[in-house]
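This is target.csv (CSV, C-alpha atoms).
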chain,number,residue,atom,x,y,z
U,1,ASP,CA,7.1,-8.7,-42.3
U,2,THR,CA,10.3,-9.8,-40.6
U,3,ALA,CA,10.6,-6.5,-38.9
U,4,LEU,CA,7.1,-6.6,-37.5
U,5,ILE,CA,7.7,-10.2,-36.2
U,6,SER,CA,11.0,-9.2,-34.6
U,7,LEU,CA,9.3,-6.2,-33.0
U,8,GLY,CA,6.5,-8.4,-31.7
U,9,ARG,CA,9.0,-10.9,-30.2
U,10,LEU,CA,11.0,-8.2,-28.5
U,11,THR,CA,8.1,-6.3,-27.0
U,12,GLY,CA,6.6,-9.6,-25.9
U,13,LEU,CA,9.8,-10.5,-24.0
U,14,VAL,CA,10.0,-7.1,-22.4
U,15,ALA,CA,6.3,-7.0,-21.5
U,16,SER,CA,6.6,-10.5,-19.9
U,17,ASP,CA,9.6,-9.4,-17.9
U,18,LEU,CA,7.7,-6.3,-16.7
U,19,LEU,CA,4.6,-8.3,-15.8
U,20,LEU,CA,6.7,-10.5,-13.5
U,21,ILE,CA,8.4,-7.5,-12.0
U,22,GLN,CA,4.9,-6.1,-11.3
U,23,VAL,CA,4.1,-9.3,-9.4
U,24,LEU,CA,7.3,-9.1,-7.4
U,25,LEU,CA,6.8,-5.5,-6.5
U,26,MET,CA,3.5,-6.3,-4.8
U,27,ALA,CA,4.5,-9.7,-3.4
U,28,ARG,CA,5.2,-8.3,0.0
U,29,ILE,CA,8.8,-9.6,0.0
U,30,PRO,CA,10.0,-8.4,3.4
U,31,PHE,CA,13.4,-6.8,2.5
U,32,VAL,CA,11.9,-5.1,-0.6
U,33,GLU,CA,8.9,-3.7,1.4
U,34,LYS,CA,11.2,-2.5,4.2
U,35,ALA,CA,13.5,-0.8,1.7
U,36,PHE,CA,10.9,1.1,-0.3
U,37,GLY,CA,7.6,1.1,1.6
U,38,GLN,CA,4.3,0.0,0.1
U,39,ASP,CA,3.4,3.5,-1.2
U,40,GLU,CA,6.6,3.7,-3.3
U,41,LEU,CA,6.2,0.1,-4.4
U,42,ALA,CA,2.6,0.8,-5.4
U,43,ARG,CA,3.7,3.8,-7.4
U,44,ARG,CA,6.3,1.8,-9.3
U,45,HIS,CA,3.8,-1.0,-9.7
U,46,ARG,CA,1.5,1.4,-11.6
U,47,TRP,CA,4.2,2.7,-13.9
U,48,VAL,CA,5.6,-0.8,-14.6
U,49,GLY,CA,2.0,-1.9,-15.3
U,50,PHE,CA,1.4,0.9,-17.8
U,51,TRP,CA,4.5,0.0,-19.8
U,52,SER,CA,4.0,-3.8,-19.6
U,53,PHE,CA,0.4,-3.4,-20.8
U,54,SER,CA,1.4,-1.0,-23.6
U,55,LEU,CA,4.1,-3.3,-24.8
U,56,MET,CA,1.8,-6.3,-24.6
U,57,LEU,CA,-0.6,-4.5,-27.0
U,58,VAL,CA,2.3,-3.7,-29.4
U,59,HIS,CA,3.4,-7.4,-29.1
U,60,ILE,CA,-0.1,-8.7,-30.1
U,61,VAL,CA,-0.5,-6.2,-33.0
U,62,ALA,CA,3.0,-6.6,-34.4
U,63,ILE,CA,3.0,-10.4,-34.2
U,64,THR,CA,-0.5,-10.7,-35.8
U,65,LEU,CA,0.3,-8.3,-38.6
U,66,GLY,CA,3.7,-9.8,-39.2
U,67,TYR,CA,2.3,-13.3,-39.7
U,68,ALA,CA,-0.8,-12.1,-41.5
U,69,ALA,CA,1.3,-10.5,-44.2
U,70,THR,CA,2.3,-14.0,-45.4
U,71,SER,CA,-0.9,-15.8,-44.6
U,72,PRO,CA,-3.7,-16.3,-47.2
U,73,GLY,CA,-6.2,-16.0,-44.4
U,74,GLY,CA,-5.3,-12.4,-43.6
U,75,VAL,CA,-5.5,-10.9,-40.1
U,76,LEU,CA,-8.6,-12.8,-39.0
U,77,GLY,CA,-7.3,-16.2,-40.3
U,78,THR,CA,-4.0,-15.6,-38.5
U,79,ILE,CA,-5.8,-14.9,-35.2
U,80,VAL,CA,-7.9,-18.1,-35.6
U,81,ASP,CA,-4.8,-20.1,-36.5
U,82,PHE,CA,-2.9,-18.8,-33.4
U,83,VAL,CA,-5.7,-19.6,-31.0
U,84,VAL,CA,-6.5,-23.0,-32.5
U,85,ASN,CA,-3.1,-24.4,-33.4
U,86,TYR,CA,-0.5,-22.9,-31.2
U,87,PRO,CA,0.0,-24.3,-27.7
U,88,GLY,CA,-1.0,-22.0,-24.9
U,89,MET,CA,-2.6,-19.4,-27.1
U,90,LEU,CA,-6.1,-19.9,-25.8
U,91,LEU,CA,-4.8,-19.5,-22.3
U,92,ALA,CA,-3.0,-16.4,-23.4
U,93,VAL,CA,-6.2,-14.9,-24.8
U,94,ALA,CA,-8.0,-15.5,-21.5
U,95,GLY,CA,-5.0,-14.0,-19.6
U,96,THR,CA,-5.0,-10.9,-21.9
U,97,VAL,CA,-8.7,-10.4,-21.3
U,98,ALA,CA,-8.1,-10.5,-17.5
U,99,LEU,CA,-5.2,-8.0,-17.8
U,100,VAL,CA,-7.3,-5.7,-19.9
U,101,GLY,CA,-10.1,-5.7,-17.3
U,102,VAL,CA,-7.6,-5.0,-14.5
U,103,THR,CA,-5.9,-2.2,-16.5
U,104,ILE,CA,-9.2,-0.4,-17.4
U,105,THR,CA,-10.4,-0.5,-13.8
U,106,SER,CA,-7.1,0.9,-12.6
U,107,ILE,CA,-7.4,4.1,-14.7
U,108,ARG,CA,-7.9,6.9,-12.2
U,109,ALA,CA,-11.4,7.9,-13.5
U,110,ALA,CA,-12.7,4.3,-13.5
U,111,ARG,CA,-11.1,3.6,-10.1
U,112,ALA,CA,-12.9,6.6,-8.6
U,113,ARG,CA,-16.3,5.1,-9.7
U,114,LEU,CA,-15.7,1.7,-8.0
U,115,ARG,CA,-16.0,0.8,-4.4
U,116,TYR,CA,-12.7,-0.2,-2.9
U,117,GLU,CA,-14.0,-3.7,-2.3
U,118,SER,CA,-15.0,-4.1,-6.0
U,119,TRP,CA,-11.8,-2.7,-7.3
U,120,HIS,CA,-9.7,-5.0,-5.0
U,121,LEU,CA,-11.6,-8.1,-6.2
U,122,ILE,CA,-11.1,-7.2,-9.9
U,123,HIS,CA,-7.5,-6.4,-9.3
U,124,LEU,CA,-6.8,-10.0,-8.0
U,125,TYR,CA,-7.5,-11.2,-11.6
U,126,ALA,CA,-4.1,-9.7,-12.5
U,127,TYR,CA,-2.5,-12.8,-10.9
U,128,LEU,CA,-4.7,-15.0,-13.1
U,129,GLY,CA,-3.8,-12.9,-16.2
U,130,VAL,CA,-0.1,-13.2,-15.6
U,131,ALA,CA,-0.3,-16.9,-14.9
U,132,LEU,CA,-2.2,-17.6,-18.2
U,133,ALA,CA,-0.5,-15.1,-20.5
U,134,LEU,CA,3.1,-16.0,-20.0
U,135,PRO,CA,3.4,-19.8,-20.7
U,136,HIS,CA,2.5,-19.5,-24.4
U,137,GLN,CA,5.9,-17.8,-25.0
U,138,LEU,CA,7.7,-20.6,-23.4
U,139,TRP,CA,5.8,-23.2,-25.4
U,140,THR,CA,5.7,-21.5,-28.8
U,141,GLY,CA,8.3,-18.8,-28.8
U,142,LYS,CA,11.2,-19.3,-31.2
U,143,ASP,CA,13.7,-17.9,-28.8
U,144,PHE,CA,12.7,-20.5,-26.2
U,145,LEU,CA,12.3,-23.5,-28.5
U,146,THR,CA,15.9,-23.1,-29.7
U,147,SER,CA,17.5,-22.2,-26.4
U,148,THR,CA,17.5,-24.3,-23.3
U,149,ALA,CA,19.2,-21.5,-21.3
U,150,ALA,CA,16.4,-19.0,-22.2
U,151,THR,CA,13.7,-21.5,-21.3
U,152,VAL,CA,15.3,-22.3,-18.0
U,153,PHE,CA,15.8,-18.6,-17.2
U,154,TRP,CA,12.2,-17.7,-17.9
U,155,TRP,CA,10.6,-20.7,-16.2
U,156,THR,CA,12.8,-19.9,-13.2
U,157,LEU,CA,11.7,-16.3,-13.2
U,158,TRP,CA,8.1,-17.3,-13.5
U,159,ALA,CA,8.5,-19.8,-10.6
U,160,VAL,CA,10.2,-17.2,-8.4
U,161,ALA,CA,7.3,-14.7,-8.9
U,162,ALA,CA,4.7,-17.4,-8.2
U,163,ALA,CA,6.6,-18.7,-5.1
U,164,SER,CA,6.9,-15.1,-3.8
U,165,VAL,CA,3.2,-14.6,-3.9
U,166,LEU,CA,2.5,-18.0,-2.4
U,167,ILE,CA,5.0,-17.5,0.4
U,168,TRP,CA,4.6,-13.8,1.3
U,169,ARG,CA,1.0,-13.1,0.3
U,170,VAL,CA,-0.5,-16.5,1.3
U,171,GLY,CA,1.8,-18.7,3.4
U,172,GLN,CA,3.2,-16.2,5.9
U,173,PRO,CA,-0.1,-14.4,6.7
U,174,LEU,CA,-1.9,-17.7,7.2
U,175,TRP,CA,0.8,-19.0,9.4
U,176,ARG,CA,0.9,-15.8,11.5
U,177,SER,CA,-2.9,-15.7,11.8
U,178,LEU,CA,-3.0,-19.3,13.0
U,179,ARG,CA,-0.1,-18.8,15.4
U,180,HIS,CA,-1.4,-15.7,17.1
U,181,GLN,CA,-5.2,-16.5,16.9
U,182,LEU,CA,-6.4,-12.9,17.1
U,183,VAL,CA,-10.0,-12.3,18.2
U,184,VAL,CA,-11.9,-9.0,18.7
U,185,ASP,CA,-11.8,-8.1,22.3
U,186,GLN,CA,-13.5,-4.6,22.4
U,187,VAL,CA,-15.3,-2.3,20.0
U,188,ARG,CA,-16.1,1.3,20.7
U,189,ALA,CA,-17.2,4.3,18.8
U,190,GLU,CA,-14.9,7.4,18.9
U,191,ASN,CA,-17.7,9.3,17.2
U,192,ASP,CA,-20.5,8.5,14.7
U,193,ARG,CA,-17.9,8.0,11.9
U,194,VAL,CA,-14.9,6.5,13.6
U,195,THR,CA,-14.6,3.1,15.4
U,196,THR,CA,-11.8,1.6,17.5
U,197,VAL,CA,-11.3,-2.1,17.7
U,198,VAL,CA,-9.0,-3.9,20.2
U,199,MET,CA,-7.9,-7.4,19.4
U,200,ARG,CA,-6.4,-10.0,21.7
U,201,GLY,CA,-4.2,-13.0,20.8
U,202,ARG,CA,-1.5,-15.4,21.6
U,203,MET,CA,2.3,-14.7,21.8
U,204,LEU,CA,1.8,-11.2,20.3
U,205,HIS,CA,5.2,-10.3,21.8
U,206,ARG,CA,6.7,-12.4,19.0
U,207,LEU,CA,4.9,-10.6,16.2
U,208,PRO,CA,7.5,-8.2,14.7
U,209,VAL,CA,5.2,-5.1,14.6
U,210,GLN,CA,6.1,-1.6,15.7
U,211,ALA,CA,4.1,1.5,16.5
U,212,GLY,CA,3.2,3.4,13.3
U,213,GLN,CA,2.9,0.4,11.1
U,214,PHE,CA,-0.2,-1.0,9.5
U,215,LEU,CA,-1.6,-4.4,8.7
U,216,GLN,CA,-4.1,-5.8,6.3
U,217,TRP,CA,-7.1,-7.1,8.3
U,218,ARG,CA,-9.9,-9.6,7.6
U,219,PHE,CA,-12.6,-10.0,10.2
U,220,LEU,CA,-14.5,-13.3,9.9
U,221,ASP,CA,-17.9,-11.8,10.6
U,222,GLY,CA,-19.7,-12.9,7.4
U,223,PRO,CA,-19.7,-12.2,3.6
U,224,GLY,CA,-16.9,-9.9,2.5
U,225,PHE,CA,-14.2,-11.3,4.9
U,226,THR,CA,-12.1,-12.3,1.9
U,227,ARG,CA,-11.3,-8.7,1.1
U,228,ALA,CA,-8.5,-7.3,3.3
U,229,HIS,CA,-8.4,-3.6,4.5
U,230,PRO,CA,-5.3,-1.7,5.6
U,231,TYR,CA,-5.6,-0.1,9.0
U,232,SER,CA,-2.7,1.4,11.1
U,233,LEU,CA,-2.2,0.5,14.7
U,234,SER,CA,-3.6,3.4,16.8
U,235,ALA,CA,-1.7,2.2,20.0
U,236,ALA,CA,1.8,1.0,20.5
U,237,PRO,CA,1.9,-2.8,20.6
U,238,ASP,CA,2.0,-4.1,24.2
U,239,GLY,CA,2.6,-7.8,23.5
U,240,LYS,CA,-1.0,-8.7,24.5
U,241,THR,CA,-3.3,-6.6,22.3
U,242,LEU,CA,-3.4,-4.8,19.0
U,243,ARG,CA,-5.6,-1.8,18.4
U,244,ILE,CA,-6.8,0.0,15.3
U,245,THR,CA,-9.0,3.1,14.8
U,246,ALA,CA,-10.6,3.6,11.4
U,247,ALA,CA,-12.9,6.1,9.8
U,248,HIS,CA,-16.0,4.9,8.0
U,249,LEU,CA,-14.9,5.6,4.5
U,250,GLY,CA,-16.4,2.5,2.8
U,251,ASP,CA,-18.4,-0.7,3.4
U,252,GLY,CA,-15.4,-2.5,5.0
U,253,SER,CA,-14.5,0.2,7.5
U,254,ALA,CA,-18.2,0.9,8.3
U,255,ARG,CA,-18.6,-2.7,9.3
U,256,LEU,CA,-16.1,-2.3,12.1
U,257,ALA,CA,-18.8,-0.7,14.2
U,258,THR,CA,-20.9,-3.9,14.0
U,259,LEU,CA,-18.1,-6.3,15.1
U,260,ARG,CA,-18.8,-8.4,18.1
U,261,PRO,CA,-16.3,-9.5,20.7
U,262,GLY,CA,-15.0,-13.0,19.9
U,263,THR,CA,-14.9,-12.5,16.1
U,264,LYS,CA,-11.9,-14.2,14.7
U,265,VAL,CA,-9.4,-12.1,12.7
U,266,LEU,CA,-6.9,-12.9,9.9
U,267,PHE,CA,-4.2,-10.5,9.1
U,268,GLU,CA,-1.2,-9.8,6.8
U,269,GLY,CA,1.8,-7.8,7.9
U,270,PRO,CA,3.1,-5.7,9.5
U,271,TYR,CA,3.9,-3.3,6.7
U,272,GLY,CA,5.0,0.3,6.4
U,273,ARG,CA,7.9,2.5,7.1
U,274,LEU,CA,6.4,4.9,9.7
U,275,HIS,CA,8.2,3.4,12.6
U,276,GLU,CA,11.2,4.0,14.8
U,277,GLY,CA,13.5,1.9,12.6
U,278,VAL,CA,13.7,4.7,10.0
U,279,ARG,CA,14.5,7.3,12.6
U,280,THR,CA,17.9,9.1,12.2
U,281,ARG,CA,17.6,11.9,14.8
U,282,ARG,CA,16.6,12.1,18.5
U,283,LYS,CA,14.2,14.9,17.8
U,284,VAL,CA,11.0,13.9,16.0
U,285,LEU,CA,8.1,15.9,14.6
U,286,LEU,CA,4.8,14.0,14.0
U,287,MET,CA,2.3,15.7,11.7
U,288,ALA,CA,-1.2,14.3,11.1
U,289,SER,CA,-4.5,15.4,9.6
U,290,GLY,CA,-7.8,13.6,10.0
U,291,ILE,CA,-7.7,9.8,10.5
U,292,GLY,CA,-3.9,10.1,9.9
U,293,ILE,CA,-3.6,10.7,13.6
U,294,THR,CA,-3.9,7.0,14.3
U,295,PRO,CA,-0.3,5.9,13.5
U,296,MET,CA,1.0,9.2,15.0
U,297,ARG,CA,-0.8,8.5,18.3
U,298,ALA,CA,0.9,5.1,18.3
U,299,LEU,CA,4.3,6.7,17.6
U,300,LEU,CA,3.8,9.3,20.3
U,301,GLU,CA,3.3,6.4,22.7
U,302,GLY,CA,5.9,4.0,21.3
U,303,LEU,CA,8.9,6.2,20.4
U,304,ASP,CA,12.0,6.2,22.7
U,305,GLN,CA,12.1,9.8,23.8
U,306,ARG,CA,13.4,12.2,26.5
U,307,PRO,CA,11.4,15.2,27.6
U,308,GLY,CA,11.0,17.7,24.7
U,309,GLU,CA,12.3,15.5,21.9
U,310,VAL,CA,8.9,14.7,20.3
U,311,THR,CA,6.3,17.2,19.0
U,312,LEU,CA,2.9,16.3,17.5
U,313,ILE,CA,0.9,18.7,15.2
U,314,TYR,CA,-2.7,17.4,14.7
U,315,ARG,CA,-4.9,19.2,12.2
U,316,THR,CA,-8.7,18.7,12.1
U,317,THR,CA,-11.5,20.3,10.2
U,318,SER,CA,-13.6,21.0,13.2
U,319,GLU,CA,-13.8,20.2,16.9
U,320,GLN,CA,-16.4,17.5,16.1
U,321,ASP,CA,-13.9,15.7,13.9
U,322,ARG,CA,-11.2,15.4,16.6
U,323,ILE,CA,-10.5,11.9,17.8
U,324,LEU,CA,-8.3,10.4,20.6
U,325,VAL,CA,-7.7,13.9,22.0
U,326,ASP,CA,-7.9,12.9,25.6
U,327,GLU,CA,-5.4,10.1,24.9
U,328,LEU,CA,-3.1,12.4,23.1
U,329,THR,CA,-3.2,15.0,25.9
U,330,ASN,CA,-2.5,12.4,28.5
U,331,LEU,CA,0.4,10.8,26.5
U,332,ALA,CA,1.9,14.2,25.7
U,333,GLY,CA,1.8,15.1,29.4
U,334,ARG,CA,3.2,11.8,30.5
U,335,ARG,CA,6.0,11.8,27.9
U,336,GLN,CA,6.6,15.5,28.2
U,337,ALA,CA,6.1,15.9,24.4
U,338,GLY,CA,4.8,19.0,22.6
U,339,LEU,CA,1.2,18.8,21.3
U,340,PHE,CA,-0.5,21.3,19.0
U,341,ILE,CA,-4.0,20.8,17.7
U,342,VAL,CA,-4.8,23.0,14.7
U,343,THR,CA,-8.5,23.3,13.8
U,344,GLY,CA,-10.3,24.7,10.8
U,345,HIS,CA,-10.8,24.2,7.1
U,346,ARG,CA,-7.7,24.2,5.0
U,347,THR,CA,-6.5,27.4,3.4
U,348,SER,CA,-7.9,28.0,-0.1
U,349,GLY,CA,-6.1,29.6,-3.0
U,350,ARG,CA,-2.8,27.8,-2.4
U,351,PRO,CA,-1.5,24.4,-1.4
U,352,SER,CA,-1.1,24.6,2.4
U,353,TRP,CA,-1.2,22.5,5.5
U,354,LEU,CA,-2.6,25.4,7.5
U,355,PRO,CA,-6.2,26.2,8.3
U,356,GLN,CA,-8.0,29.2,6.8
U,357,HIS,CA,-7.7,31.3,9.9
U,358,ALA,CA,-3.9,31.0,9.7
U,359,ALA,CA,-3.7,31.9,5.9
U,360,HIS,CA,-1.9,35.1,6.7
U,361,LEU,CA,1.1,33.0,7.8
U,362,GLY,CA,3.5,31.3,5.4
U,363,ASP,CA,3.6,27.5,5.7
U,364,VAL,CA,7.3,27.5,6.7
U,365,GLU,CA,6.8,30.5,9.1
U,366,ALA,CA,4.0,28.6,10.9
U,367,LEU,CA,6.1,25.5,11.3
U,368,ARG,CA,9.1,27.4,12.7
U,369,GLU,CA,6.8,29.2,15.2
U,370,LEU,CA,5.7,25.8,16.5
U,371,VAL,CA,9.0,24.0,16.1
U,372,PRO,CA,11.8,26.6,15.9
U,373,ASP,CA,14.6,24.0,15.4
U,374,ILE,CA,12.6,21.9,12.9
U,375,ALA,CA,15.7,21.4,10.7
U,376,LYS,CA,17.1,19.2,13.4
U,377,HIS,CA,14.1,16.8,13.4
U,378,ASP,CA,13.0,13.6,11.6
U,379,VAL,CA,9.5,14.2,10.4
U,380,PHE,CA,6.7,11.7,10.1
U,381,ILE,CA,3.6,12.7,8.1
U,382,CYS,CA,0.2,11.0,7.7
U,383,GLY,CA,-3.1,12.4,6.4
U,384,SER,CA,-5.1,13.1,3.2
U,385,PRO,CA,-3.0,13.2,0.0
U,386,GLY,CA,-3.2,16.9,-0.7
U,387,TRP,CA,-2.5,17.9,2.9
U,388,MET,CA,0.5,15.5,3.0
U,389,ASP,CA,2.0,17.0,-0.1
U,390,ALA,CA,1.7,20.5,1.3
U,391,ALA,CA,3.1,19.5,4.7
U,392,GLU,CA,6.0,17.6,3.1
U,393,GLN,CA,6.9,20.6,0.9
U,394,ALA,CA,6.7,23.0,3.9
U,395,VAL,CA,9.0,20.7,6.0
U,396,ILE,CA,11.6,20.5,3.2
U,397,ASP,CA,11.5,24.2,2.7
U,398,ALA,CA,12.1,24.6,6.4
U,399,GLY,CA,15.4,22.9,6.0
U,400,VAL,CA,14.6,19.2,6.7
U,401,PRO,CA,16.4,17.0,4.1
U,402,PRO,CA,14.0,14.8,2.1
U,403,GLU,CA,15.6,11.6,3.4
U,404,ARG,CA,14.5,12.6,6.9
U,405,VAL,CA,10.8,13.1,5.9
U,406,HIS,CA,8.9,9.8,6.3
U,407,ILE,CA,5.5,9.3,4.6
U,408,GLU,CA,3.3,6.4,3.8
U,409,ARG,CA,0.6,7.0,1.3
U,410,PHE,CA,-2.5,4.6,1.3
U,411,THR,CA,-4.1,5.8,-2.0
U,412,TYR,CA,-2.9,3.1,-4.4

Translate the structure described by the file into structure tokens.
Amino acid sequence: DTALISLGRLTGLVASDLLLIQVLLMARIPFVEKAFGQDELARRHRWVGFWSFSLMLVHIVAITLGYAATSPGGVLGTIVDFVVNYPGMLLAVAGTVALVGVTITSIRAARARLRYESWHLIHLYAYLGVALALPHQLWTGKDFLTSTAATVFWWTLWAVAAASVLIWRVGQPLWRSLRHQLVVDQVRAENDRVTTVVMRGRMLHRLPVQAGQFLQWRFLDGPGFTRAHPYSLSAAPDGKTLRITAAHLGDGSARLATLRPGTKVLFEGPYGRLHEGVRTRRKVLLMASGIGITPMRALLEGLDQRPGEVTLIYRTTSEQDRILVDELTNLAGRRQAGLFIVTGHRTSGRPSWLPQHAAHLGDVEALRELVPDIAKHDVFICGSPGWMDAAEQAVIDAGVPPERVHIERFTY
């Protein structure tokens, strides 16, 4: 009995700690986001979430069984006693239900069945779950009732997590949106599945955004504006406008085609590590597939470069899927950069960044044909997940150290 109760208390403390770490990982704290990038933070967020949820379940079961062993009411009576007589327990039950819902919908199979907009809305309940689930330990936990230091520490940690969300997820985005007053200036179709949106605002030269980064956008054009969508800049910031180009992959991105000039825009960010600030070499290779060309087009325009220092490899499935080609050609000519457009369905039978018609070539061999001194380059990669994995492996096998390969993954 005592062992179960002790196990329950221990797992509850660790689970609470991990829940708060989860919140901090995705609080958009600037120095944390710059150090790791959102893709890495999202990956760690998932793993921390798995362990916090698992330990929370162990905590609930162990505590309940431990107290039920000495209670005449058994397990059911113990549960009722907890909920009715212990401060904060009813809130904890509600918080647990919210966290269970978020966890179930975050499982890969369930996530694949949900629209992004629905998943994002459900995921916001995680904040409610954390806010409701943790206070009961501070109000009823033996470790806290007998230790002022422990109580102060945990309330401070909870407050820091809450303040981080309020400052970086709410306060800063709202302040920047009000300060810069973005509105839609132009909307144009690149093809029937891709739309470019140009936005104009005030004092954009003071917004700390760089070519290659992305922002979370909310267009105030009707229902659904509360859900933010991440789109990379597709042109280098010029201090007067911001431009995005997005494929119609869901309801939110498809709505871009219906935007009207003058629509107000809220935004969060900038975010991401695909920018010149992570560069360590003069020579740079940009690799893109599909809609991943958008941040690479911005980098091609925005990178400080001398003739021949930057090369762009752009892979598309077909000529119809190509976008921004005229702009890329003009930029490459003006900046005297290398540009290679590789077209065709990906090679089958092995992980590869190459199209089927080049399947006779090795991935590293093909890279060295296009960029003979690739080992002397920094490499930026953006595209579909499988293609990025293959491209990253080929680049590393070609002699580029992993720390000089820069990737931002948008599949959370």

Neighbour list for range 192-200 of chain U as a ChimeraX atom specification, cut-off 8 Å, all atoms listed in the file, skip fewer than 4 positions in-chain: /U:182-188,240-248,254,256-257

Test item: which residues lie within 10 Å of (-3.8, -7.6, -20.6) counting only C-alpha atoms, as a ChimeraX atom specification: /U:19,49,52-57,92-104,126,129-130,133

Exercise: range 302-312 of chain U partners within 10 Å, only C-alpha atoms, chain neighbours under 5 positions left out, as a PyMOL selection string: chain U and resi 210-212+235-238+275-276+279+281-288+293+296-297+328+332-341+370-371+374+377-380

CA of Arg28 in chain U to CA of Trp168 in chain U, distance in Å rounded to a single decimal: 5.7 Å

Point-to-point distance from CA of Phe82 in chain U to CA of Ser106 in chain U, Å rounded to tenths: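 Distance reported for this atom pair: 29.0 Å.
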
Atomic separation - CA of Lys34 in chain U relative to CA of Thr226 in chain U, Å: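 That distance, rounded to one decimal, is 25.4 Å.
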
Selected residue of minimal separation from Gly66 in chain U among U:Pro173, U:Gly8, U:Gly37, U:Gly250, counting all atoms listed in the file: U:Gly8

Nearest-residue call for Arg368 in chain U, choices U:Leu18, U:Leu65, U:Val400, U:Ala390, using all atoms listed in the file: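 So, comparing all the options, the nearest one is U:Val400.
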